[in-house]
>>> print(open('upload_23.cif').read())   # mmCIF, C-alpha atoms
data_structure
#
loop_
_atom_site.label_atom_id
_atom_site.label_comp_id
_atom_site.auth_asym_id
_atom_site.auth_seq_id
_atom_site.Cartn_x
_atom_site.Cartn_y
_atom_site.Cartn_z
CA MET A 569 -9.08 -65.64 9.82
CA ILE A 570 -6.38 -62.96 9.90
CA PHE A 571 -8.37 -61.28 12.65
CA LEU A 572 -8.25 -64.48 14.71
CA ARG A 573 -4.53 -64.76 14.18
CA HIS A 574 -4.02 -61.19 15.31
CA GLN A 575 -6.32 -61.84 18.25
CA LEU A 576 -4.29 -64.88 19.24
CA THR A 577 -1.02 -62.96 18.94
CA SER A 578 -2.46 -60.10 21.03
CA VAL A 579 -3.64 -62.48 23.75
CA PHE A 580 -0.25 -64.18 23.77
CA LEU A 581 1.58 -60.88 24.06
CA PHE A 582 -0.86 -59.66 26.70
CA LEU A 583 -0.22 -62.76 28.81
CA ALA A 584 3.54 -62.51 28.39
CA ILE A 585 3.50 -58.84 29.43
CA ASN A 586 1.06 -59.64 32.24
CA CYS A 587 3.46 -62.32 33.53
CA LEU A 588 6.25 -59.78 33.70
CA PHE A 589 4.14 -57.08 35.38
CA GLN A 590 2.68 -59.48 37.90
CA ALA A 591 6.09 -60.84 38.78
CA GLU A 592 7.42 -57.31 39.18
CA SER A 593 4.54 -56.14 41.37
CA LEU A 594 4.73 -59.23 43.55
CA ALA A 595 8.45 -58.79 43.92
CA GLN A 596 7.92 -55.17 44.99
CA GLU A 597 5.25 -56.25 47.48
CA ALA A 598 7.59 -58.86 48.95
CA LYS A 599 10.37 -56.25 49.21
CA SER A 600 8.20 -53.76 51.10
CA ILE A 601 7.08 -56.46 53.58
CA GLN A 602 10.70 -57.41 54.13
CA LYS A 603 11.64 -53.76 54.76
CA GLN A 604 8.86 -53.37 57.28
CA LYS A 605 9.97 -56.47 59.15
CA ALA A 606 13.55 -55.27 59.24
CA THR A 607 12.61 -51.92 60.80
CA ASN A 608 10.35 -53.53 63.42
CA THR A 609 12.97 -55.96 64.67
CA ASP A 610 16.13 -53.99 65.35
CA THR A 611 17.63 -56.45 67.81
CA LEU A 612 16.71 -59.60 65.97
CA LYS A 613 18.67 -59.17 62.82
CA VAL A 614 17.89 -62.20 60.74
CA LYS A 615 19.90 -62.32 57.62
CA LYS A 616 17.47 -63.77 55.19
CA LYS A 617 18.92 -64.28 51.80
CA SER A 618 16.50 -64.76 48.90
CA GLU A 619 18.87 -67.05 47.05
CA TRP A 620 17.11 -69.57 44.87
CA LYS A 621 18.07 -73.20 45.31
CA PRO A 622 16.82 -75.79 42.82
CA VAL A 623 14.43 -78.31 44.34
CA LEU A 624 13.04 -81.08 42.20
CA TYR A 625 9.30 -80.71 42.74
CA GLY A 626 8.08 -82.92 39.93
CA LEU A 627 8.02 -84.02 36.35
CA ARG A 628 5.21 -82.94 34.05
CA VAL A 629 4.57 -84.90 30.86
CA GLY A 630 2.10 -83.75 28.26
CA VAL A 631 0.71 -84.12 24.77
CA ASP A 632 -0.17 -81.43 22.26
CA LEU A 633 -3.81 -81.19 21.18
CA VAL A 634 -3.60 -78.51 18.48
CA TYR A 635 -2.47 -80.59 15.50
CA PRO A 636 -4.48 -83.78 16.27
CA VAL A 637 -7.66 -81.68 16.55
CA ARG A 638 -6.71 -79.47 13.61
CA ARG A 639 -6.22 -82.59 11.50
CA ILE A 640 -9.95 -83.23 11.72
CA ILE A 641 -10.40 -79.99 9.75
CA ASN A 642 -7.25 -80.12 7.61
CA ASN A 643 -5.99 -83.57 6.73
CA ASP A 644 -2.79 -82.24 5.09
CA LEU A 645 -0.89 -81.61 8.30
CA GLU A 646 -0.20 -84.57 10.55
CA GLN A 647 1.82 -83.80 13.65
CA TYR A 648 2.09 -85.32 17.11
CA GLU A 649 4.07 -83.83 19.96
CA ILE A 650 4.93 -84.83 23.49
CA THR A 651 6.50 -82.56 26.06
CA ALA A 652 8.08 -82.89 29.47
CA ASP A 653 9.26 -80.40 32.04
CA LEU A 654 11.20 -80.80 35.24
CA ASP A 655 9.90 -78.40 37.87
CA LEU A 656 12.88 -77.01 39.77
CA GLY A 657 11.02 -74.20 41.48
CA LYS A 658 11.51 -70.96 39.60
CA LEU A 659 13.18 -72.76 36.75
CA LEU A 660 11.71 -75.42 34.46
CA ILE A 661 13.83 -77.63 32.22
CA VAL A 662 11.78 -78.42 29.13
CA ALA A 663 12.07 -80.94 26.29
CA ASP A 664 9.65 -81.51 23.40
CA TYR A 665 9.66 -84.26 20.79
CA GLY A 666 7.43 -84.49 17.75
CA LEU A 667 6.70 -86.41 14.59
CA ALA A 668 5.36 -84.72 11.47
CA ASP A 669 4.07 -85.72 8.06
CA TYR A 670 2.92 -82.85 5.85
CA ASN A 671 1.27 -83.30 2.46
CA LEU A 672 0.82 -79.99 0.73
CA ASP A 673 -0.72 -79.72 -2.70
CA HIS A 674 -1.56 -77.08 -5.25
CA LEU A 675 -4.34 -76.89 -7.86
CA SER A 676 -1.78 -77.65 -10.60
CA GLY A 677 -1.29 -81.14 -9.16
CA SER A 678 2.04 -80.23 -7.56
CA GLU A 679 2.55 -82.00 -4.27
CA MET A 680 5.11 -81.63 -1.51
CA ASN A 681 5.63 -84.23 1.18
CA VAL A 682 7.74 -83.44 4.22
CA SER A 683 8.10 -86.08 6.93
CA GLY A 684 10.39 -86.30 9.89
CA SER A 685 10.90 -85.60 13.54
CA TYR A 686 12.04 -82.73 15.73
CA PHE A 687 12.98 -81.90 19.28
CA ARG A 688 13.33 -78.78 21.37
CA VAL A 689 15.27 -78.34 24.60
CA GLY A 690 15.47 -75.31 26.82
CA GLY A 691 14.40 -73.65 29.99
CA ASP A 692 11.53 -71.56 31.29
CA VAL A 693 11.36 -69.10 34.13
CA ASN A 694 8.21 -69.34 36.23
CA PHE A 695 7.05 -65.82 37.08
CA ASN A 696 4.22 -66.83 39.36
CA ILE A 697 5.53 -66.57 42.92
CA LYS A 698 2.12 -66.72 44.62
CA GLU A 699 1.13 -70.24 43.66
CA PRO A 700 3.97 -71.54 41.47
CA ARG A 701 3.26 -75.26 41.73
CA ASN A 702 -0.31 -75.10 40.50
CA PHE A 703 -0.19 -72.14 38.13
CA VAL A 704 2.90 -71.66 35.99
CA MET A 705 3.35 -68.45 34.00
CA PHE A 706 6.53 -68.72 32.00
CA VAL A 707 8.85 -67.17 29.48
CA GLY A 708 11.66 -69.27 28.07
CA LEU A 709 14.12 -70.08 25.33
CA ARG A 710 14.54 -73.20 23.22
CA TYR A 711 17.12 -74.70 20.92
CA ALA A 712 15.48 -76.96 18.33
CA ARG A 713 16.45 -79.38 15.58
CA ALA A 714 14.47 -81.21 12.92
CA TYR A 715 15.42 -84.20 10.76
CA TYR A 716 13.29 -84.85 7.70
CA ASP A 717 12.93 -86.01 4.10
CA SER A 718 11.21 -83.86 1.51
CA LYS A 719 9.80 -84.84 -1.86
CA PHE A 720 8.42 -82.29 -4.29
CA THR A 721 6.53 -83.36 -7.42
CA TYR A 722 5.67 -80.25 -9.39
CA ASN A 723 4.50 -79.03 -12.74
CA PHE A 724 4.10 -75.60 -14.24
CA GLU A 725 4.17 -73.87 -17.60
CA ASP A 726 7.46 -72.10 -18.27
CA GLU A 727 7.18 -69.13 -20.66
CA PHE A 728 10.16 -70.26 -22.72
CA PHE A 729 10.69 -73.99 -22.11
CA GLY A 730 7.06 -75.14 -21.99
CA GLN A 731 5.56 -77.67 -19.61
CA ILE A 732 7.83 -78.64 -16.71
CA ASP A 733 7.15 -81.91 -14.86
CA GLN A 734 9.75 -82.74 -12.26
CA THR A 735 10.25 -84.62 -9.01
CA ASP A 736 12.92 -83.45 -6.58
CA GLN A 737 13.74 -85.48 -3.50
CA ASP A 738 16.02 -84.75 -0.57
CA GLU A 739 16.74 -87.25 2.19
CA GLY A 740 18.42 -86.62 5.51
CA VAL A 741 17.75 -82.88 5.62
CA ASN A 742 18.32 -81.25 8.97
CA SER A 743 17.39 -77.90 10.34
CA ARG A 744 18.14 -75.97 13.51
CA TRP A 745 16.55 -72.88 15.03
CA PHE A 746 15.88 -71.00 18.27
CA GLU A 747 12.60 -70.10 19.95
CA LEU A 748 11.25 -67.55 22.36
CA ASN A 749 8.36 -69.12 24.28
CA ALA A 750 5.70 -67.83 26.66
CA GLY A 751 2.59 -69.38 28.13
CA ILE A 752 0.83 -70.80 31.15
CA LYS A 753 0.12 -74.17 32.77
CA VAL A 754 -2.78 -74.48 35.17
CA GLY A 755 -3.70 -77.38 37.43
CA VAL A 756 -7.33 -78.25 36.76
CA LEU A 757 -7.52 -81.55 38.62
CA LYS A 758 -5.14 -83.26 41.02
CA ASN A 759 -1.86 -83.51 39.04
CA VAL A 760 -3.66 -82.75 35.75
CA PHE A 761 -2.69 -79.52 34.01
CA LEU A 762 -3.80 -77.64 30.93
CA GLY A 763 -1.48 -75.19 29.27
CA PHE A 764 -0.61 -73.36 26.14
CA THR A 765 2.66 -72.19 24.69
CA GLY A 766 3.10 -69.45 22.14
CA ARG A 767 6.31 -69.68 20.13
CA LEU A 768 8.35 -67.30 18.06
CA ALA A 769 10.81 -69.43 16.09
CA PHE A 770 13.71 -67.72 14.38
CA LEU A 771 17.19 -68.17 12.85
CA ASN A 772 16.24 -71.31 10.98
CA ARG A 773 19.21 -72.85 9.18
CA VAL A 774 18.58 -75.73 6.78
CA ASN A 775 21.37 -78.14 5.84
CA ASN A 776 21.57 -80.87 3.22
CA ALA A 777 18.63 -79.65 1.08
CA SER A 778 20.10 -79.83 -2.42
CA THR A 779 17.06 -80.04 -4.72
CA ASN A 780 14.04 -78.55 -2.96
CA ASP A 781 13.11 -76.19 -0.17
CA ALA A 782 10.59 -77.63 2.31
CA TYR A 783 7.62 -75.29 2.63
CA ARG A 784 7.07 -76.40 6.21
CA VAL A 785 9.84 -77.60 8.50
CA PRO A 786 8.65 -80.09 11.17
CA GLY A 787 8.28 -78.27 14.48
CA TYR A 788 9.24 -74.90 12.98
CA GLY A 789 6.34 -74.06 10.72
CA ILE A 790 6.47 -72.17 7.44
CA ASN A 791 10.06 -71.98 6.27
CA ASP A 792 10.10 -68.31 5.33
CA GLY A 793 11.71 -66.06 7.91
CA ALA A 794 10.57 -66.11 11.54
CA SER A 795 7.55 -68.27 12.32
CA TRP A 796 4.77 -68.13 14.93
CA GLY A 797 3.52 -71.31 16.55
CA PHE A 798 1.00 -72.33 19.16
CA ASN A 799 0.64 -75.49 21.25
CA TYR A 800 -2.08 -76.49 23.62
CA TYR A 801 -1.04 -79.21 26.04
CA VAL A 802 -2.63 -81.56 28.52
CA TYR A 803 -0.13 -82.56 31.22
CA TYR A 804 0.11 -85.09 33.98
CA ARG A 805 2.37 -84.16 36.86
CA ILE A 806 4.41 -86.79 38.70
CA PRO A 807 5.20 -85.17 42.06
CA PHE A 808 8.66 -85.79 43.54
CA LYS A 809 8.35 -83.63 46.63
CA ARG A 810 5.42 -82.93 48.93
CA LEU A 811 4.34 -79.35 48.52
CA GLN A 812 5.22 -77.59 51.76
CA SER A 813 6.21 -74.22 50.48
CA ASN A 814 5.46 -72.13 47.47
CA ASN A 815 9.04 -71.52 46.52
CA MET B 3 -9.89 -71.24 40.31
CA SER B 4 -9.37 -74.46 38.39
CA LYS B 5 -12.88 -74.54 36.91
CA LYS B 6 -12.64 -70.90 35.87
CA TYR B 7 -9.37 -71.53 34.05
CA PHE B 8 -10.74 -74.66 32.42
CA PHE B 9 -13.19 -72.48 30.47
CA VAL B 10 -10.44 -70.02 29.58
CA PHE B 11 -8.40 -72.92 28.20
CA ALA B 12 -11.34 -74.29 26.27
CA ALA B 13 -11.70 -70.88 24.63
CA PHE B 14 -8.02 -70.86 23.75
CA LEU B 15 -8.26 -74.31 22.20
CA LEU B 16 -11.11 -73.08 19.98
CA ILE B 17 -9.03 -70.08 18.91
CA ALA B 18 -6.04 -72.33 18.20
CA MET B 19 -8.15 -74.65 16.05
CA SER B 20 -9.45 -71.79 13.98
CA SER B 21 -6.11 -70.02 13.59
CA CYS B 22 -4.67 -70.19 10.11
CA ASP B 23 -1.34 -69.71 8.38
CA PRO B 24 -0.46 -66.17 7.31
CA GLN B 25 -1.65 -65.10 3.90
CA ILE B 26 1.23 -65.28 1.50
CA ASN B 27 1.77 -62.96 -1.39
CA CYS B 28 2.15 -64.93 -4.63
CA TYR B 29 4.68 -62.40 -5.93
CA SER B 30 8.07 -64.06 -6.34
CA GLU B 31 11.31 -62.23 -5.69
CA TYR B 32 13.29 -64.71 -7.79
CA ARG B 33 13.96 -64.73 -11.55
CA ASP B 34 14.41 -67.49 -14.08
CA PHE B 35 16.77 -65.64 -16.43
CA ALA B 36 20.26 -64.18 -16.38
CA VAL B 37 21.11 -60.66 -17.56
CA ALA B 38 24.02 -60.60 -20.03
CA SER B 39 25.71 -57.41 -21.19
CA PHE B 40 28.05 -56.93 -24.16
CA ASN B 41 31.43 -55.30 -23.99
CA ILE B 42 33.30 -54.56 -27.21
CA ASN B 43 37.03 -54.06 -26.89
CA THR B 44 36.78 -54.02 -23.08
CA SER B 45 34.70 -50.81 -23.12
CA ASP B 46 31.97 -50.52 -20.53
CA SER B 47 28.68 -51.92 -21.80
CA SER B 48 28.54 -51.58 -25.59
CA SER B 49 25.77 -52.43 -28.01
CA LEU B 50 26.04 -55.42 -30.30
CA GLY B 51 24.17 -55.89 -33.57
CA LEU B 52 22.43 -59.25 -33.33
CA ARG B 53 20.67 -61.07 -36.13
CA ARG B 54 19.23 -63.55 -33.67
CA VAL B 55 19.83 -65.15 -30.27
CA TYR B 56 18.32 -68.51 -29.34
CA VAL B 57 18.68 -71.43 -26.95
CA GLU B 58 20.23 -74.51 -28.53
CA GLY B 59 17.48 -77.08 -28.98
CA TYR B 60 14.84 -74.32 -28.98
CA GLU B 61 15.67 -72.68 -32.33
CA ASP B 62 12.05 -71.68 -32.87
CA SER B 63 11.98 -69.63 -29.69
CA ILE B 64 14.04 -66.57 -30.56
CA ILE B 65 15.24 -64.42 -27.66
CA VAL B 66 16.39 -61.48 -29.83
CA SER B 67 15.99 -60.98 -33.56
CA ASP B 68 17.42 -58.18 -35.75
CA ASP B 69 18.28 -55.70 -33.05
CA THR B 70 21.18 -53.76 -31.65
CA VAL B 71 21.22 -54.34 -27.92
CA SER B 72 23.53 -53.73 -24.98
CA LYS B 73 21.85 -56.29 -22.71
CA VAL B 74 19.95 -59.49 -23.26
CA LEU B 75 17.88 -61.72 -20.96
CA LEU B 76 18.95 -65.36 -21.16
CA PRO B 77 16.23 -67.81 -20.00
CA LEU B 78 17.48 -70.65 -17.80
CA ASN B 79 16.04 -74.12 -18.36
CA PRO B 80 14.59 -75.47 -15.07
CA ARG B 81 14.62 -79.08 -16.37
CA VAL B 82 18.42 -79.30 -16.63
CA ASN B 83 21.48 -77.71 -15.05
CA THR B 84 23.00 -76.29 -18.24
CA THR B 85 21.61 -74.10 -21.02
CA ARG B 86 23.48 -73.31 -24.24
CA TYR B 87 22.88 -70.06 -26.16
CA VAL B 88 23.75 -69.13 -29.74
CA PHE B 89 24.37 -65.49 -30.70
CA GLU B 90 24.38 -64.72 -34.46
CA THR B 91 25.66 -61.20 -35.08
CA THR B 92 24.97 -58.84 -37.99
CA ASP B 93 28.63 -59.10 -39.05
CA ASN B 94 28.13 -62.86 -39.59
CA ASN B 95 29.89 -64.06 -36.44
CA ILE B 96 28.42 -66.84 -34.34
CA TYR B 97 29.15 -66.90 -30.62
CA THR B 98 28.09 -69.62 -28.22
CA LEU B 99 27.82 -69.62 -24.47
CA GLU B 100 27.02 -72.47 -22.09
CA MET B 101 25.78 -71.57 -18.64
CA LYS B 102 25.81 -74.01 -15.74
CA TYR B 103 23.77 -73.47 -12.58
CA LYS B 104 22.06 -75.21 -9.67
CA THR B 105 18.30 -75.36 -9.35
CA ILE B 106 16.19 -75.62 -6.24
CA SER B 107 12.43 -76.06 -6.37
CA ARG B 108 10.06 -74.63 -3.80
CA LEU B 109 6.40 -74.27 -3.09
CA ILE B 110 5.68 -70.55 -2.79
CA SER B 111 2.56 -71.65 -0.87
CA PRO B 112 -0.21 -74.24 -1.41
CA GLU B 113 -2.27 -71.35 -2.87
CA CYS B 114 0.45 -69.94 -5.15
CA GLY B 115 2.12 -73.10 -6.49
CA PRO B 116 5.68 -74.08 -7.38
CA GLU B 117 8.70 -72.20 -8.69
CA VAL B 118 12.34 -72.95 -9.43
CA LEU B 119 15.25 -70.89 -8.11
CA PHE B 120 18.57 -70.60 -9.94
CA ARG B 121 21.90 -70.07 -8.24
CA GLU B 122 25.67 -70.56 -8.58
CA LEU B 123 25.75 -69.42 -12.17
CA THR B 124 28.96 -70.25 -14.08
CA ALA B 125 30.03 -70.04 -17.74
CA THR B 126 31.39 -73.46 -18.69
CA ASP B 127 31.92 -73.24 -22.45
CA TYR B 128 32.07 -70.19 -24.75
CA ASN B 129 33.85 -68.73 -27.74
CA TYR B 130 33.64 -65.11 -26.62
CA ASP B 131 37.01 -63.54 -25.96
CA THR B 132 36.26 -63.27 -22.27
CA VAL B 133 33.24 -64.03 -20.09
CA GLN B 134 32.84 -62.68 -16.58
CA VAL B 135 30.15 -63.99 -14.25
CA PHE B 136 29.26 -61.76 -11.32
CA ASN B 137 26.22 -63.34 -9.74
CA ARG B 138 26.77 -66.71 -8.08
CA THR B 139 24.04 -66.37 -5.45
CA THR B 140 20.33 -67.06 -6.02
CA LEU B 141 19.05 -64.90 -8.89
CA ARG B 142 16.65 -62.29 -7.54
CA ILE B 143 14.62 -59.55 -9.13
CA THR B 144 16.20 -56.21 -8.28
CA THR B 145 14.44 -54.05 -10.86
CA ASN B 146 11.75 -54.40 -13.52
CA ASP B 147 13.72 -52.22 -15.91
CA ILE B 148 16.26 -54.25 -17.90
CA SER B 149 18.21 -51.16 -18.91
CA THR B 150 19.14 -50.47 -15.29
CA ALA B 151 19.41 -54.12 -14.18
CA PRO B 152 22.93 -55.08 -13.18
CA ALA B 153 24.48 -57.70 -15.46
CA ASP B 154 25.06 -61.23 -14.15
CA ILE B 155 27.35 -62.01 -17.08
CA ARG B 156 29.58 -59.74 -19.16
CA LEU B 157 30.45 -61.00 -22.63
CA PHE B 158 33.59 -59.46 -24.14
CA VAL B 159 33.84 -59.24 -27.92
CA SER B 160 36.84 -58.01 -29.90
CA SER B 161 35.92 -55.80 -32.87
CA ASN B 162 38.99 -56.93 -34.85
#
>>> encode(input="upload_23.cif", output="C-alpha cells")
Amino acid sequence: MIFLRHQLTSVFLFLAINCLFQAESLAQEAKSIQKQKATNTDTLKVKKKSEWKPVLYGLRVGVDLVYPVRRIINNDLEQYEITADLDLGKLLIVADYGLADYNLDHLSGSEMNVSGSYFRVGGDVNFNIKEPRNFVMFVGLRYARAYYDSKFTYNFEDEFFGQIDQTDQDEGVNSRWFELNAGIKVGVLKNVFLGFTGRLAFLNRVNNASTNDAYRVPGYGINDGASWGFNYYVYYRIPFKRLQSNN
Amino acid sequence: MSKKYFFVFAAFLLIAMSSCDPQINCYSEYRDFAVASFNINTSDSSSLGLRRVYVEGYEDSIIVSDDTVSKVLLPLNPRVNTTRYVFETTDNNIYTLEMKYKTISRLISPECGPEVLFRELTATDYNYDTVQVFNRTTLRITTNDISTAPADIRLFVSSN
C-alpha cells in the first residue's frame, strides 16, 4: 500500500515536472519561430506583442469520484465534492465545495465523528499551449476553509487513574489552509472531460476546537502537519466562446 | 488522443482507489504528567525527604514513598481539569498543591487509539512558600530521563 502511495506521488510529481518542461520547450520553440520570421521580413516590421488577454472560453463543472468509489471499500469516510472552473485562456479560476462525514473508530470502542463542509478557491495556470482548450495541464494555488462539528467518544486505561470513559464534543469548529495543486483535464467526448488533481495541503490552522482535535479535517485530510490529497473528476464543459484559436 | 487518455485516466482511478493513508507511528510525543522540582531556601533544585506523595482521592496509589528526591512526576487526571496532590515530608510537614489545566482529546490514528493532551498548566491552590509554573504549553516528552527533564513546576520550601 505504501508502494502505491509512493507510486502515486511519483506520477504526480512527474506530471507536474513534465508540465513545466513541456511549457518551457514549447515556449522556446515559439520564440525561435518568431526570431526566424523577424529576420526574414526586414521591411514588414510587425510588432506582435504576446500579451495575454483573458477571454472567457467556458465553464467546467465536475464531480469527484475518488471518495464515492472509495466508500464502497471503506464505509467510514463519506465525502462528496463538486468543482467548477472558469476557463480564461492561460488562467483558470477554480472553486471546489464539499460535504464530509467521517466516522473513525478504534478497537477499544472509541469513536470519532467529524461532519461538515469545506470550500477551496484559487487559480490554475494552464501550461499546455498546443491544445489548451481540450487538454489542460495545470499548476495552481488554493485558499481553503472548512466548517465542522467533531464528537469524540473514547475510552482507555490510564496507568494511575484507571478506566477513562469520556465524550468530548466541539461545535462550530473552523479551519483554514493553503494548497499547492497540479493535475490534468482531458476532453474525452464533446464537452466531457476527465481529470485528476494532486494536492499538497499545508498551514492548517484550527479555530474553536476546545475539547478534541479532529483526526481528519473535511477537505484537508489527516490533521497532522502537511497532507497529501488526490481527486479524480468528471467534468462537463459549458462553452461560452467558439473555439477559433488555441490561445 | 481522447481514447488513449481515457485508459490512462482509468488506470489513475484504480490507483486512487487503492491508495491509503500514511502509516502512523503509535508513539506519542505528549505526556500525561507534570515534572515538579523542589527548592529549599530558594537554592537551585534541592532534595526533599518525602514520607509519601499521593493524589487526593487516590490515597492507595502512592506516587513516592519513603524517599529523598529532587524531582517528582505528578500524574494529571484526564477526567477532570484539576488534580490535588498531598506531600507528606519526613519532618512531619504536609504540603498540598492543586494544579489546574486544560485537556484536549485526540485520536492518534484509528489503529493507535485515543490519548489526552494537557496544556495551560497553572497552580491554583498550595501551601508551599512559593510555586512557579514554567510550562503553559502542551506537555511534551523531551527526554526519557527524569533526572535531566526540565521542571514544569518549582516548589519552594523554607527549611525554617
>>> interface_residues(input="upload_23.cif", of="chain A", to="chain B", cutoff="7 Å", atoms="all atoms listed in the file", output="ChimeraX atom specification")
/A:569,572-573,634,638,672-674,722,729,732,755-756,778-783,800
>>> atom_distance(input="upload_23.cif", atom1="CA of Leu50 in chain B", atom2="CA of Val74 in chain B")
10.2 Å
>>> residues_around(input="upload_23.cif", residues="range 124-134 of chain B", least_positions_apart="6", cutoff="8 Å", atoms="all atoms listed in the file", output="list in words")
Tyr97, Thr98, Leu99, Glu100, Met101, Lys102, Tyr103, Ile155, Arg156, Leu157, Phe158, Val159 and Ser160 of chain B
>>> residues_around(input="upload_23.cif", residues="Phe706 in chain A", least_positions_apart="5", cutoff="9 Å", atoms="all atoms listed in the file", output="JSON list (two decimals) with C-alpha atoms, in the frame of the given file")
[["chain", "number", "residue", "atom", "x", "y", "z"],
["A", 584, "ALA", "CA", 3.54, -62.51, 28.39],
["A", 587, "CYS", "CA", 3.46, -62.32, 33.53],
["A", 660, "LEU", "CA", 11.71, -75.42, 34.46],
["A", 692, "ASP", "CA", 11.53, -71.56, 31.29],
["A", 693, "VAL", "CA", 11.36, -69.10, 34.13],
["A", 694, "ASN", "CA", 8.21, -69.34, 36.23],
["A", 695, "PHE", "CA", 7.05, -65.82, 37.08],
["A", 696, "ASN", "CA", 4.22, -66.83, 39.36],
["A", 749, "ASN", "CA", 8.36, -69.12, 24.28],
["A", 750, "ALA", "CA", 5.70, -67.83, 26.66],
["A", 751, "GLY", "CA", 2.59, -69.38, 28.13],
["A", 752, "ILE", "CA", 0.83, -70.80, 31.15],
["A", 753, "LYS", "CA", 0.12, -74.17, 32.77],
["A", 765, "THR", "CA", 2.66, -72.19, 24.69]]
>>> resolve_selection(input="upload_23.cif", expression="the PyMOL selection byres ((chain A and resi 620-625) around 6)", output="MDAnalysis selection string")
chainID A and resid 619 626 655:656 808:809
>>> resolve_selection(input="upload_23.cif", expression="the PyMOL selection byres ((chain B and resi 90) around 8)", output="MDAnalysis selection string")
chainID B and resid 52:55 88:89 91:92 94:97
>>> write_last_selection(input="upload_23.cif", atoms="C-alpha atoms", output="short mmCIF file (atom, residue, chain, number, x, y, z; two decimals), in the frame of the given file")
data_model
loop_
_atom_site.label_atom_id
_atom_site.label_comp_id
_atom_site.auth_asym_id
_atom_site.auth_seq_id
_atom_site.Cartn_x
_atom_site.Cartn_y
_atom_site.Cartn_z
CA LEU B 52 22.43 -59.25 -33.33
CA ARG B 53 20.67 -61.07 -36.13
CA ARG B 54 19.23 -63.55 -33.67
CA VAL B 55 19.83 -65.15 -30.27
CA VAL B 88 23.75 -69.13 -29.74
CA PHE B 89 24.37 -65.49 -30.70
CA THR B 91 25.66 -61.20 -35.08
CA THR B 92 24.97 -58.84 -37.99
CA ASN B 94 28.13 -62.86 -39.59
CA ASN B 95 29.89 -64.06 -36.44
CA ILE B 96 28.42 -66.84 -34.34
CA TYR B 97 29.15 -66.90 -30.62
#
>>> atom_distance(input="upload_23.cif", atom1="CA of Tyr686 in chain A", atom2="CA of Ser718 in chain A")
14.3 Å
>>> resolve_selection(input="upload_23.cif", expression="the PyMOL selection byres ((chain A and resi 735) around 10)", output="MDAnalysis selection string")
(chainID A and resid 678:680 719:723 733:734 736:737 779:780) or (chainID B and resid 107)
>>> atom_distance(input="upload_23.cif", atom1="CA of Val760 in chain A", atom2="CA of Arg805 in chain A")
6.3 Å
>>> closest_residue(input="upload_23.cif", among="A:Val629, A:Val785, A:Ile806, A:Ile697", to="Gly763 in chain A", atoms="all atoms listed in the file")
A:Val629
